[in-house]
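What's in protein_28.cif: mmCIF, C-alpha atoms
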```cif
data_my_file
loop_
_atom_site.label_atom_id
_atom_site.label_comp_id
_atom_site.auth_asym_id
_atom_site.auth_seq_id
_atom_site.Cartn_x
_atom_site.Cartn_y
_atom_site.Cartn_z
CA MET A 3 3.14 101.32 -117.64
CA LYS A 4 3.17 100.43 -113.95
CA SER A 5 0.64 103.04 -112.89
CA SER A 6 -2.34 104.38 -114.74
CA ASN A 7 -1.64 107.79 -113.25
CA GLN A 8 1.92 107.95 -114.56
CA ALA A 9 2.61 111.04 -116.65
CA LEU A 10 5.29 111.42 -119.29
CA LEU A 11 6.03 115.14 -119.04
CA SER A 12 7.39 115.29 -115.50
CA THR A 13 9.19 118.45 -114.44
CA ASN A 14 12.59 116.68 -114.57
CA LEU A 15 11.95 115.21 -118.01
CA ILE A 16 10.90 118.58 -119.41
CA PHE A 17 14.08 120.10 -117.96
CA VAL A 18 16.18 117.34 -119.57
CA PHE A 19 14.47 117.93 -122.93
CA LEU A 20 15.00 121.70 -122.78
CA ILE A 21 18.60 121.46 -121.59
CA SER A 22 19.30 118.95 -124.38
CA TYR A 23 17.71 121.35 -126.84
CA GLY A 24 19.85 124.25 -125.59
CA LEU A 25 23.05 122.20 -125.71
CA THR A 26 22.23 120.95 -129.21
CA ILE A 27 21.77 124.50 -130.52
CA THR A 28 25.00 125.62 -128.87
CA LEU A 29 27.05 122.69 -130.20
CA THR A 30 25.50 123.04 -133.66
CA ALA A 31 26.99 126.53 -133.86
CA PHE A 32 30.50 125.04 -133.73
CA PHE A 33 29.70 122.77 -136.69
CA LEU A 34 28.39 125.71 -138.72
CA ALA A 35 31.27 128.14 -138.12
CA SER A 36 34.82 128.25 -136.79
CA PRO A 37 35.50 129.56 -133.25
CA GLN A 38 37.02 132.74 -134.70
CA LYS A 39 33.93 133.44 -136.82
CA LEU A 40 31.71 132.71 -133.82
CA ILE A 41 33.54 135.28 -131.70
CA ILE A 42 33.42 137.94 -134.43
CA GLY A 43 29.76 137.15 -135.11
CA MET A 44 28.82 137.43 -131.43
CA GLN A 45 30.52 140.82 -131.32
CA HIS A 46 28.36 141.93 -134.27
CA ILE A 47 25.22 140.63 -132.53
CA ILE A 48 25.97 142.32 -129.21
CA SER A 49 26.87 145.66 -130.83
CA SER A 50 23.78 145.78 -133.09
CA PRO A 51 20.69 147.89 -132.16
CA SER A 52 18.62 144.63 -132.41
CA ASN A 53 15.31 146.34 -133.22
CA LEU A 54 12.80 144.63 -135.53
CA VAL A 55 13.83 143.19 -137.81
CA THR A 56 17.52 142.61 -136.95
CA ASP A 57 18.12 139.19 -138.42
CA TYR A 58 21.18 137.87 -136.58
CA VAL A 59 21.66 135.31 -139.34
CA HIS A 60 22.08 138.23 -141.75
CA ILE A 61 24.41 140.43 -139.70
CA ALA A 62 26.55 137.70 -138.09
CA GLY A 63 26.01 134.40 -139.92
CA VAL A 64 24.07 131.25 -139.10
CA GLY A 65 26.69 129.89 -136.65
CA PRO A 66 26.78 132.93 -134.31
CA ALA A 67 22.96 133.14 -134.46
CA PHE A 68 22.73 129.55 -133.20
CA LEU A 69 25.36 130.23 -130.52
CA ASN A 70 23.49 133.31 -129.30
CA SER A 71 20.23 131.37 -129.08
CA GLY A 72 21.93 128.49 -127.29
CA ILE A 73 23.64 130.70 -124.71
CA LEU A 74 20.44 132.60 -123.92
CA THR A 75 18.43 129.36 -123.71
CA LEU A 76 20.88 127.63 -121.37
CA SER A 77 21.30 130.68 -119.11
CA SER A 78 17.51 131.01 -118.81
CA LEU A 79 17.13 127.32 -117.94
CA PHE A 80 19.80 127.53 -115.24
CA LEU A 81 18.09 130.63 -113.83
CA LEU A 82 14.76 128.81 -113.65
CA ARG A 83 16.41 125.77 -112.09
CA LYS A 84 18.17 127.91 -109.49
CA HIS A 85 14.84 129.40 -108.42
CA LYS A 86 13.29 125.90 -108.19
CA HIS A 87 10.90 126.48 -111.04
CA HIS A 88 8.36 123.73 -111.70
CA PHE A 89 8.93 122.90 -115.37
CA CYS A 90 5.68 122.41 -117.27
CA SER A 91 4.07 123.09 -120.68
CA LEU A 92 4.19 126.84 -120.02
CA THR A 93 7.95 126.57 -119.54
CA VAL A 94 8.38 124.84 -122.90
CA SER A 95 6.31 127.57 -124.57
CA GLY A 96 8.29 130.34 -122.90
CA ILE A 97 11.71 128.83 -123.60
CA MET A 98 10.85 128.16 -127.25
CA MET A 99 9.70 131.75 -127.63
CA LEU A 100 12.82 133.10 -125.94
CA SER A 101 15.07 130.81 -127.98
CA GLY A 102 13.33 131.68 -131.23
CA PHE A 103 13.54 135.42 -130.71
CA SER A 104 17.24 135.04 -129.95
CA PHE A 105 17.67 134.66 -133.69
CA PHE A 106 16.58 138.25 -134.30
CA GLY A 107 16.59 140.61 -131.36
CA LYS A 108 17.65 139.15 -128.02
CA ASN A 109 21.16 138.50 -126.80
CA ILE A 110 22.76 137.86 -123.45
CA VAL A 111 23.92 141.48 -123.05
CA ASN A 112 20.74 143.39 -123.90
CA SER A 113 18.54 140.91 -121.98
CA ALA A 114 20.54 140.80 -118.73
CA PRO A 115 19.48 144.22 -117.26
CA ILE A 116 15.78 143.49 -117.88
CA ILE A 117 16.01 140.04 -116.26
CA PHE A 118 17.82 141.53 -113.25
CA GLY A 119 15.05 144.13 -112.97
CA CYS A 120 12.40 141.39 -112.96
CA LEU A 121 14.29 139.40 -110.32
CA LEU A 122 14.58 142.55 -108.21
CA TYR A 123 10.81 143.07 -108.42
CA LEU A 124 10.08 139.44 -107.47
CA ARG A 125 12.54 139.60 -104.56
CA ILE A 126 11.14 142.86 -103.12
CA HIS A 127 7.54 141.72 -103.41
CA HIS A 128 8.34 138.16 -102.26
CA SER A 129 6.47 136.65 -105.17
CA GLY A 130 6.89 132.90 -105.44
CA ARG A 131 4.64 132.56 -108.47
CA GLN A 132 6.15 130.27 -111.08
CA ASP A 133 4.41 131.89 -114.05
CA LEU A 134 5.77 135.36 -113.23
CA LEU A 135 9.33 134.07 -113.38
CA VAL A 136 8.71 132.77 -116.92
CA MET A 137 7.00 136.05 -117.82
CA GLY A 138 10.08 137.84 -116.53
CA LEU A 139 12.17 135.98 -119.09
CA LEU A 140 9.67 136.82 -121.83
CA SER A 141 9.84 140.50 -120.90
CA THR A 142 13.20 140.53 -122.71
CA CYS A 143 11.08 141.33 -125.78
CA LEU A 144 12.06 144.92 -124.88
CA SER A 145 15.79 144.14 -125.08
CA PRO A 146 16.21 146.28 -128.24
CA ILE A 147 15.69 149.39 -126.09
CA VAL A 148 18.87 148.50 -124.21
CA SER A 149 20.82 147.75 -127.39
CA THR A 150 19.55 150.84 -129.18
CA ILE A 151 20.76 153.08 -126.37
CA TYR A 152 24.20 151.57 -125.70
CA SER A 153 25.08 151.20 -129.40
CA ALA A 154 24.35 154.88 -130.15
CA PRO A 155 26.89 157.73 -129.79
CA ASP A 156 26.98 159.48 -126.39
CA HIS A 157 25.16 162.83 -126.18
CA PHE A 158 25.18 163.43 -122.41
CA ILE A 159 27.64 163.53 -119.53
CA ILE A 160 26.38 160.10 -118.48
CA PRO A 161 27.55 157.49 -121.00
CA ASN A 162 24.91 155.62 -122.96
CA THR A 163 26.06 152.33 -121.45
CA MET A 164 24.96 153.50 -118.00
CA ILE A 165 21.68 154.89 -119.38
CA ALA A 166 21.01 151.55 -121.08
CA LEU A 167 21.67 149.65 -117.85
CA ILE A 168 19.32 151.89 -115.85
CA ALA A 169 16.63 151.70 -118.58
CA GLY A 170 16.85 147.90 -118.63
CA LEU A 171 16.52 147.62 -114.84
CA LEU A 172 13.52 149.99 -114.80
CA ILE A 173 11.81 148.10 -117.62
CA GLY A 174 12.33 144.77 -115.86
CA TYR A 175 11.01 146.15 -112.57
CA MET A 176 7.89 147.74 -114.12
CA ILE A 177 6.87 145.17 -116.73
CA LEU A 178 5.48 142.46 -114.40
CA PRO A 179 2.92 144.67 -112.57
CA ILE A 180 1.90 146.19 -115.93
CA PHE A 181 1.48 142.66 -117.31
CA GLU A 182 -0.71 141.66 -114.36
CA PHE A 183 -2.85 144.77 -114.73
CA LEU A 184 -3.43 144.50 -118.49
CA LYS A 185 -4.05 140.75 -118.37
CA VAL A 186 -7.21 141.46 -116.38
CA HIS A 187 -8.48 143.97 -118.96
CA THR A 188 -7.88 141.67 -121.93
CA LYS A 189 -9.59 138.84 -119.97
CA GLU A 190 -6.72 136.54 -121.04
CA LEU A 191 -8.14 136.46 -124.58
CA ASN A 192 -4.74 137.48 -125.98
CA LEU A 193 -2.33 134.54 -125.76
CA TYR A 194 0.86 136.62 -126.13
CA ASN A 195 -0.21 139.14 -123.52
CA MET A 196 3.36 140.03 -122.56
CA GLY A 197 3.69 141.61 -126.01
CA PHE A 198 0.63 143.77 -125.29
CA SER A 199 2.16 144.97 -122.00
CA ALA A 200 5.54 145.58 -123.62
CA GLY A 201 3.90 147.59 -126.40
CA PHE A 202 2.99 150.42 -124.03
CA ILE A 203 6.54 150.65 -122.72
CA GLY A 204 7.79 150.35 -126.32
CA VAL A 205 5.80 153.43 -127.38
CA ILE A 206 7.32 155.46 -124.53
CA GLY A 207 10.75 154.00 -125.29
CA ASN A 208 10.44 154.97 -128.94
CA LEU A 209 9.51 158.57 -128.08
CA THR A 210 12.35 158.80 -125.53
CA THR A 211 15.08 157.39 -127.77
CA ARG A 212 14.03 159.60 -130.67
CA ASN A 213 13.32 162.90 -128.91
CA VAL A 214 15.40 162.84 -125.72
CA LEU A 215 18.41 160.72 -126.67
CA ALA A 216 18.26 161.76 -130.36
CA ILE A 217 18.74 158.18 -131.55
CA LYS A 218 17.60 157.29 -135.05
CA ILE A 219 16.31 153.72 -135.34
CA VAL A 220 17.17 152.12 -138.68
CA PRO A 221 15.41 149.03 -140.11
CA HIS A 222 17.46 146.01 -141.15
CA ALA A 223 17.44 143.42 -143.92
CA LEU A 224 16.80 139.68 -143.81
CA SER A 225 19.13 136.88 -144.89
CA PHE A 226 17.84 133.95 -146.97
CA GLU A 227 21.17 132.38 -147.88
CA HIS A 228 21.09 129.89 -144.97
CA HIS A 229 17.66 128.45 -145.77
CA ARG A 230 18.94 124.89 -146.09
CA SER A 231 20.75 124.84 -142.71
CA LEU A 232 17.74 126.34 -140.92
CA PHE A 233 15.41 123.89 -142.66
CA TYR A 234 17.44 120.84 -141.55
CA PHE A 235 17.57 122.19 -138.00
CA LEU A 236 13.78 122.60 -137.80
CA VAL A 237 13.05 119.20 -139.36
CA ALA A 238 15.39 117.47 -136.89
CA LEU A 239 13.93 119.42 -133.96
CA PHE A 240 10.33 118.45 -134.75
CA THR A 241 11.15 114.86 -135.72
CA VAL A 242 12.63 113.81 -132.36
CA PRO A 243 9.48 114.58 -130.27
CA LEU A 244 7.35 112.83 -132.90
CA LEU A 245 9.46 109.68 -132.58
CA VAL A 246 9.06 109.90 -128.79
CA PHE A 247 5.31 110.20 -129.24
CA LEU A 248 5.12 107.13 -131.51
CA TYR A 249 7.28 105.06 -129.14
CA PHE A 250 5.28 105.80 -125.98
CA TYR A 251 1.91 105.68 -127.75
CA LYS A 252 2.60 102.14 -128.92
CA LYS A 253 3.96 101.18 -125.49
CA ASN A 254 1.01 102.66 -123.57
CA ILE A 255 -1.21 99.56 -123.69
CA THR A 256 -3.38 100.63 -120.74
CA ARG A 257 -4.05 104.03 -122.39
CA SER A 258 -3.43 106.04 -119.22
CA LYS A 259 -5.28 109.36 -119.51
CA TYR A 260 -2.35 111.26 -118.00
CA LEU A 261 0.11 109.76 -120.44
CA LEU A 262 -2.24 110.31 -123.38
CA SER A 263 -2.61 113.98 -122.42
CA ASP A 264 1.16 114.43 -122.40
CA LEU A 265 1.51 112.52 -125.67
CA LYS A 266 -0.99 114.84 -127.33
CA LYS A 267 1.09 117.87 -126.27
CA ILE A 268 4.25 116.29 -127.68
CA ALA A 269 2.48 115.43 -130.93
CA ARG A 270 1.09 118.97 -131.22
CA PHE A 271 4.57 120.43 -130.80
CA SER A 272 5.90 118.36 -133.71
CA LEU A 273 2.86 118.63 -135.98
CA TYR A 274 2.46 122.37 -135.53
CA GLY A 275 6.16 122.80 -136.21
CA TYR A 276 5.87 120.77 -139.41
CA LEU A 277 2.77 122.76 -140.36
CA ALA A 278 4.63 126.06 -140.06
CA VAL A 279 7.60 124.76 -142.06
CA ILE A 280 5.29 123.37 -144.77
CA LEU A 281 3.54 126.75 -144.97
CA THR A 282 6.86 128.43 -145.82
CA LEU A 283 7.60 125.77 -148.44
CA VAL A 284 4.16 126.00 -150.06
CA LEU A 285 4.38 129.79 -150.30
CA LYS A 286 8.02 129.46 -151.45
CA VAL A 287 9.33 131.83 -148.79
CA PRO A 288 12.92 130.96 -147.74
CA LEU A 289 13.68 130.58 -144.05
CA SER A 290 15.39 133.40 -142.16
CA GLY A 291 16.12 134.19 -138.52
CA ILE A 292 12.74 135.83 -137.94
CA LEU A 293 10.84 132.91 -139.48
CA VAL A 294 12.72 130.40 -137.30
CA GLY A 295 11.77 132.48 -134.26
CA ALA A 296 8.11 132.61 -135.29
CA ILE A 297 8.00 128.86 -135.98
CA LEU A 298 9.59 127.95 -132.62
CA THR A 299 7.14 130.22 -130.79
CA PHE A 300 4.18 128.81 -132.69
CA ALA A 301 5.19 125.20 -131.98
CA GLY A 302 6.06 125.90 -128.33
CA PHE A 303 2.74 127.57 -127.46
CA SER A 304 0.80 124.75 -129.15
CA MET A 305 1.69 122.64 -126.09
CA TYR A 306 0.21 125.22 -123.76
CA ASN A 307 -3.02 126.81 -124.75
CA PHE A 308 -4.45 126.39 -128.24
CA LYS A 309 -5.75 123.76 -130.63
CA PHE A 310 -5.71 123.82 -134.41
CA ARG A 311 -9.32 124.91 -134.93
CA TYR A 312 -8.78 127.89 -132.62
CA PHE A 313 -5.76 128.95 -134.67
CA PHE A 314 -7.05 128.16 -138.17
CA PHE A 315 -9.83 130.75 -138.33
CA PRO A 316 -7.81 133.79 -137.17
CA ALA A 317 -5.11 132.61 -139.61
CA LEU A 318 -7.79 132.45 -142.31
CA GLY A 319 -8.69 136.07 -141.55
CA VAL A 320 -5.03 137.09 -141.94
CA PHE A 321 -4.78 135.08 -145.16
CA LEU A 322 -7.83 136.78 -146.68
CA THR A 323 -6.62 140.23 -145.63
CA ALA A 324 -3.24 139.67 -147.29
CA LEU A 325 -4.92 138.28 -150.41
CA LEU A 326 -7.58 140.97 -150.84
CA PHE A 327 -5.96 144.13 -149.48
CA TYR A 328 -2.17 143.87 -149.42
CA GLN A 329 -1.37 141.29 -152.13
CA ASP A 330 1.66 140.14 -150.10
CA LEU A 331 0.63 136.57 -149.35
CA ALA A 332 4.00 134.95 -150.10
CA THR A 333 6.19 137.18 -147.90
CA THR A 334 8.06 136.68 -144.65
CA ASN A 335 6.02 139.40 -142.96
CA ASN A 336 2.69 137.79 -143.82
CA ILE A 337 3.77 134.30 -142.71
CA VAL A 338 4.90 135.73 -139.37
CA ILE A 339 1.51 137.43 -138.94
CA ILE A 340 -0.29 134.19 -139.86
CA LEU A 341 1.66 132.18 -137.27
CA PHE A 342 1.22 134.80 -134.57
CA ALA A 343 -2.52 134.95 -135.26
CA SER A 344 -2.46 132.10 -132.73
CA THR A 345 -2.47 134.89 -130.14
CA LEU A 346 -6.24 135.10 -130.77
CA ALA A 347 -6.84 131.39 -130.08
CA PRO A 348 -8.43 132.07 -126.65
CA MET A 349 -10.81 134.59 -128.24
CA THR A 350 -11.83 132.11 -130.93
CA ARG A 351 -12.40 129.44 -128.31
CA LYS A 352 -14.72 131.75 -126.33
CA TYR A 353 -16.62 133.59 -129.07
CA GLY A 354 -16.60 131.10 -131.95
CA LEU A 355 -15.00 130.49 -135.29
CA VAL A 356 -16.74 133.28 -137.20
CA THR A 357 -15.60 135.81 -134.61
CA GLY A 358 -12.12 134.30 -134.85
CA THR A 359 -12.01 134.88 -138.61
CA PHE A 360 -13.07 138.53 -138.28
CA SER A 361 -10.58 139.06 -135.45
CA GLY A 362 -7.78 137.61 -137.62
CA GLY A 363 -8.50 140.09 -140.41
CA PHE A 364 -8.57 143.01 -138.00
CA PHE A 365 -5.44 141.71 -136.27
CA SER A 366 -3.58 141.73 -139.59
CA LEU A 367 -4.49 145.37 -140.20
CA VAL A 368 -3.42 146.41 -136.70
CA THR A 369 -0.15 144.45 -136.77
CA ARG A 370 1.02 146.12 -139.97
CA ASN A 371 0.62 149.56 -138.41
CA THR A 372 1.59 149.22 -134.73
CA GLN A 373 5.25 148.66 -135.55
CA TYR A 374 5.52 152.34 -136.45
CA LEU A 375 4.51 153.22 -132.87
CA THR A 376 7.34 151.25 -131.28
CA ALA A 377 9.86 151.37 -134.18
CA GLY A 378 10.64 147.71 -133.63
CA ILE A 379 11.68 148.21 -130.01
CA ASN A 380 9.01 145.70 -128.90
CA LEU A 381 9.90 142.32 -130.42
CA TYR A 382 6.45 140.94 -129.58
CA ASN A 383 4.65 143.40 -131.84
CA CYS A 384 2.02 140.79 -132.74
CA GLY A 385 1.18 140.38 -129.06
CA PHE A 386 0.72 144.15 -128.83
CA ALA A 387 -1.56 144.08 -131.88
CA GLY A 388 -3.45 141.10 -130.43
CA GLY A 389 -4.21 143.02 -127.24
CA ILE A 390 -5.46 146.03 -129.22
CA THR A 391 -7.63 143.72 -131.35
CA VAL A 392 -9.19 142.07 -128.31
CA LEU A 393 -9.93 145.39 -126.57
CA LEU A 394 -11.43 147.06 -129.64
CA MET A 395 -13.61 144.09 -130.54
CA ASP A 396 -14.79 143.82 -126.94
CA LEU A 397 -15.55 147.55 -126.95
CA VAL A 398 -17.72 147.14 -130.07
CA ARG A 399 -19.53 144.22 -128.44
CA ILE A 400 -20.25 146.24 -125.27
CA GLN A 401 -21.57 149.21 -127.29
CA PHE A 402 -23.90 146.98 -129.28
CA TYR A 403 -25.17 145.30 -126.11
CA LYS A 404 -26.26 148.60 -124.57
CA ASN A 405 -29.48 148.27 -126.57
CA SER A 406 -31.47 145.37 -125.05
CA LYS A 407 -33.12 144.36 -128.36
CA ILE A 408 -29.83 144.36 -130.25
CA LYS A 409 -28.21 142.49 -127.38
CA LYS A 410 -30.88 139.80 -127.41
CA TYR A 411 -30.73 139.45 -131.19
CA PHE A 412 -26.93 139.15 -131.32
CA GLN A 413 -26.79 136.79 -128.35
CA THR A 414 -29.35 134.51 -130.03
CA LEU A 415 -27.45 134.71 -133.31
CA HIS A 416 -24.15 134.07 -131.52
CA LEU A 417 -25.49 131.00 -129.70
CA SER A 418 -26.88 129.67 -132.99
CA ILE A 419 -23.52 130.10 -134.72
CA ILE A 420 -21.67 128.47 -131.82
CA HIS A 421 -24.12 125.55 -131.85
CA ASN A 422 -23.66 124.98 -135.59
CA GLU A 423 -19.89 125.32 -135.28
CA LYS A 424 -19.80 122.67 -132.55
CA LYS A 425 -21.89 120.28 -134.66
CA ILE A 426 -19.55 120.71 -137.63
CA MET A 427 -16.42 120.30 -135.48
CA THR A 428 -17.87 117.21 -133.74
CA LYS A 429 -18.57 115.55 -137.09
CA PHE A 430 -15.08 116.45 -138.30
CA GLN A 431 -13.47 115.02 -135.13
CA ASP A 432 -15.52 111.81 -135.37
CA PHE A 433 -14.47 111.41 -139.00
CA SER A 434 -10.79 112.07 -138.16
CA GLN A 435 -10.75 109.61 -135.24
CA ALA A 436 -12.47 106.93 -137.32
CA PHE A 437 -9.99 107.47 -140.15
CA ILE A 438 -6.97 107.28 -137.82
CA PHE A 439 -8.38 104.19 -136.07
CA LYS A 440 -8.92 102.51 -139.43
CA ILE A 441 -5.31 103.19 -140.52
CA THR A 442 -3.95 101.98 -137.16
CA THR A 443 -6.02 98.79 -137.37
CA ILE A 444 -4.80 98.04 -140.90
CA LYS A 445 -1.16 98.51 -139.81
CA ASP A 446 -1.61 96.29 -136.73
CA ASN A 447 -3.17 93.52 -138.84
CA GLN A 448 -0.29 93.50 -141.30
CA PRO A 449 2.17 90.60 -140.79
#
```

Please, can you express the file's structure as structure tokens?
Amino acid sequence: MKSSNQALLSTNLIFVFLISYGLTITLTAFFLASPQKLIIGMQHIISSPSNLVTDYVHIAGVGPAFLNSGILTLSSLFLLRKHKHHFCSLTVSGIMMLSGFSFFGKNIVNSAPIIFGCLLYLRIHHSGRQDLLVMGLLSTCLSPIVSTIYSAPDHFIIPNTMIALIAGLLIGYMILPIFEFLKVHTKELNLYNMGFSAGFIGVIGNLTTRNVLAIKIVPHALSFEHHRSLFYFLVALFTVPLLVFLYFYKKNITRSKYLLSDLKKIARFSLYGYLAVILTLVLKVPLSGILVGAILTFAGFSMYNFKFRYFFFPALGVFLTALLFYQDLATTNNIVIILFASTLAPMTRKYGLVTGTFSGGFFSLVTRNTQYLTAGINLYNCGFAGGITVLLMDLVRIQFYKNSKIKKYFQTLHLSIIHNEKKIMTKFQDFSQAFIFKITTIKDNQP
């Protein structure tokens, strides 16, 4: 490389990658279904209530599900580009989450009012913050409220379509200040904090739709018949960045620290994606729309804010809870909870691996029960459960620390655990690096 400070993931390159991804998904739809089936399928998607779990692959087919995801991805990218957004790792995480959830809850119609509401808030308050614009796109996790209202029969003089539009605009306008407020209280220990913010609106939305608008929210089924197509899509998606990583890693003779940092993010995206896919194969759970969404979110956020060891121990807590209490280890629901246990990665990083394991178990219990509060109106239910987990565990910690002797004892114990954890992780990292270096050296010495 010409300069040691040269980075790989420039804002333009990230935009090119994401726009290529969006175009690929959109074009893939036309290979999976005829134009007529795509149009009919999109009509089914737009007219569905879209609450959890509305698997668009099930109700419309794999082709329309891909088309819906592609349209929403491309429109979001053009919106970010228009507002001169600085594309970075956070953007990749947000777009992957938005694209993934477009397989089972978001569409261009139910998301539009919420996005307009967010843009209205940012325009009135003259906020130029780049992260809030991405958070505005993620606030479409409440899109099912809009769909639920406009797809139900009219009961008032005002048609439900108008009520849905007004509800979407209000949600979009309110969600960003609520997000900012709650982020302070969770101390950013919940990675999917937008889901926590949306959960409070979801509870109110559930009560309103049931009691005021008299709308009954019905759960939906999953579709497993397109497992093979979804599997090939995910393998191809995670293989391309890995090939890019291998190419630039071999080319980077000077080992620029900036380039190496970007290469690690690219490698994490691919490896975490493969890890999630392998988990479904090992547990013999076929892929569906909701699993594709969870896998894309998991892989996307790996570039932004968590490492494997910070995810593994909350996931272990979820695994043990499913094994000991629910006996539903090999189910779609449990795999989704395992992947979204990554929301507790910041908490594990701050309080240690043992705390992370306990938080994962508690998170699993909370996640399985909070959906009843929002009736699937909040697509980021695991983010809502993650916020509750963080607050409750922090509350317990504060209550224990009120007694000075107990506080001193637990602080000493905590520091001892953290110290031992770091020693174990350091030895593991040294072993891994030595092993990788040995393999690389053997390959380089081969004729």

Would you list the residues near (28.1, 130.4, -121.6), meaning any protein, DNA or RNA residue with an atom at most 12 Å from that point in file coordinates, counting only C-alpha atoms, as a CSV table (one decimal) with C-alpha atoms, in the coordinates of the input?
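Final output, selection.csv:
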```csv
chain,number,residue,atom,x,y,z
A,24,GLY,CA,19.8,124.2,-125.6
A,25,LEU,CA,23.0,122.2,-125.7
A,28,THR,CA,25.0,125.6,-128.9
A,29,LEU,CA,27.0,122.7,-130.2
A,69,LEU,CA,25.4,130.2,-130.5
A,70,ASN,CA,23.5,133.3,-129.3
A,71,SER,CA,20.2,131.4,-129.1
A,72,GLY,CA,21.9,128.5,-127.3
A,73,ILE,CA,23.6,130.7,-124.7
A,74,LEU,CA,20.4,132.6,-123.9
A,75,THR,CA,18.4,129.4,-123.7
A,76,LEU,CA,20.9,127.6,-121.4
A,77,SER,CA,21.3,130.7,-119.1
A,78,SER,CA,17.5,131.0,-118.8
A,79,LEU,CA,17.1,127.3,-117.9
A,80,PHE,CA,19.8,127.5,-115.2
A,109,ASN,CA,21.2,138.5,-126.8
A,110,ILE,CA,22.8,137.9,-123.4
A,111,VAL,CA,23.9,141.5,-123.0
```

I'd like to see the residues matched by the PyMOL selection byres ((chain A and resi 178) around 8) on this file, and ideally I'd get them as a CSV table (one decimal) with C-alpha atoms, in the coordinates of the input.
```csv
chain,number,residue,atom,x,y,z
A,120,CYS,CA,12.4,141.4,-113.0
A,134,LEU,CA,5.8,135.4,-113.2
A,137,MET,CA,7.0,136.0,-117.8
A,138,GLY,CA,10.1,137.8,-116.5
A,174,GLY,CA,12.3,144.8,-115.9
A,175,TYR,CA,11.0,146.2,-112.6
A,176,MET,CA,7.9,147.7,-114.1
A,177,ILE,CA,6.9,145.2,-116.7
A,179,PRO,CA,2.9,144.7,-112.6
A,180,ILE,CA,1.9,146.2,-115.9
A,181,PHE,CA,1.5,142.7,-117.3
A,182,GLU,CA,-0.7,141.7,-114.4
```

(message) Restricting the calculation to only C-alpha atoms: of A:Lys352, A:Lys429, A:Lys407, A:His416, which residue gets closest to Asn192 of chain A?
(response)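 Counting only C-alpha atoms, the residue closest to Asn192 of chain A is A:Lys352.
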
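Between atom CA of Val320 of chain A and atom CA of Phe365 of chain A there is a distance of 7.3 Å.
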
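Within the 12 Å cut-off around Leu283 of chain A, using only C-alpha atoms and omitting residues fewer than 5 positions from it on the same chain, the listed residues are A:His229, A:Arg230, A:Phe233, A:Tyr276, A:Leu277, A:Ala278, A:Pro288, A:Leu289, A:Leu293, A:Ala332, A:Thr333, A:Thr334, A:Ile337.
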
Nearby residues (only C-alpha atoms) at most 9 Å from segment 96-103 of chain A, same-chain spacing under 2 positions excluded, as a PDB file with C-alpha atoms, in the coordinates of the input:
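Now in result.pdb:
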```
ATOM      1  CA  LEU A  20      15.000 121.700-122.780  1.00  0.00           C
ATOM      2  CA  GLY A  24      19.850 124.250-125.590  1.00  0.00           C
ATOM      3  CA  ASN A  70      23.490 133.310-129.300  1.00  0.00           C
ATOM      4  CA  SER A  71      20.230 131.370-129.080  1.00  0.00           C
ATOM      5  CA  GLY A  72      21.930 128.490-127.290  1.00  0.00           C
ATOM      6  CA  LEU A  74      20.440 132.600-123.920  1.00  0.00           C
ATOM      7  CA  THR A  75      18.430 129.360-123.710  1.00  0.00           C
ATOM      8  CA  SER A  78      17.510 131.010-118.810  1.00  0.00           C
ATOM      9  CA  LEU A  79      17.130 127.320-117.940  1.00  0.00           C
ATOM     10  CA  SER A  91       4.070 123.090-120.680  1.00  0.00           C
ATOM     11  CA  LEU A  92       4.190 126.840-120.020  1.00  0.00           C
ATOM     12  CA  THR A  93       7.950 126.570-119.540  1.00  0.00           C
ATOM     13  CA  VAL A  94       8.380 124.840-122.900  1.00  0.00           C
ATOM     14  CA  PHE A 105      17.670 134.660-133.690  1.00  0.00           C
ATOM     15  CA  PHE A 106      16.580 138.250-134.300  1.00  0.00           C
ATOM     16  CA  GLY A 107      16.590 140.610-131.360  1.00  0.00           C
ATOM     17  CA  LYS A 108      17.650 139.150-128.020  1.00  0.00           C
ATOM     18  CA  VAL A 136       8.710 132.770-116.920  1.00  0.00           C
ATOM     19  CA  MET A 137       7.000 136.050-117.820  1.00  0.00           C
ATOM     20  CA  LEU A 139      12.170 135.980-119.090  1.00  0.00           C
ATOM     21  CA  LEU A 140       9.670 136.820-121.830  1.00  0.00           C
ATOM     22  CA  THR A 142      13.200 140.530-122.710  1.00  0.00           C
ATOM     23  CA  CYS A 143      11.080 141.330-125.780  1.00  0.00           C
ATOM     24  CA  GLY A 291      16.120 134.190-138.520  1.00  0.00           C
ATOM     25  CA  ILE A 292      12.740 135.830-137.940  1.00  0.00           C
ATOM     26  CA  LEU A 293      10.840 132.910-139.480  1.00  0.00           C
ATOM     27  CA  VAL A 294      12.720 130.400-137.300  1.00  0.00           C
ATOM     28  CA  GLY A 295      11.770 132.480-134.260  1.00  0.00           C
ATOM     29  CA  ALA A 296       8.110 132.610-135.290  1.00  0.00           C
ATOM     30  CA  ILE A 297       8.000 128.860-135.980  1.00  0.00           C
ATOM     31  CA  LEU A 298       9.590 127.950-132.620  1.00  0.00           C
ATOM     32  CA  THR A 299       7.140 130.220-130.790  1.00  0.00           C
ATOM     33  CA  PHE A 300       4.180 128.810-132.690  1.00  0.00           C
ATOM     34  CA  ALA A 301       5.190 125.200-131.980  1.00  0.00           C
ATOM     35  CA  GLY A 302       6.060 125.900-128.330  1.00  0.00           C
ATOM     36  CA  PHE A 303       2.740 127.570-127.460  1.00  0.00           C
ATOM     37  CA  LEU A 381       9.900 142.320-130.420  1.00  0.00           C
TER      38      LEU A 381
END
```
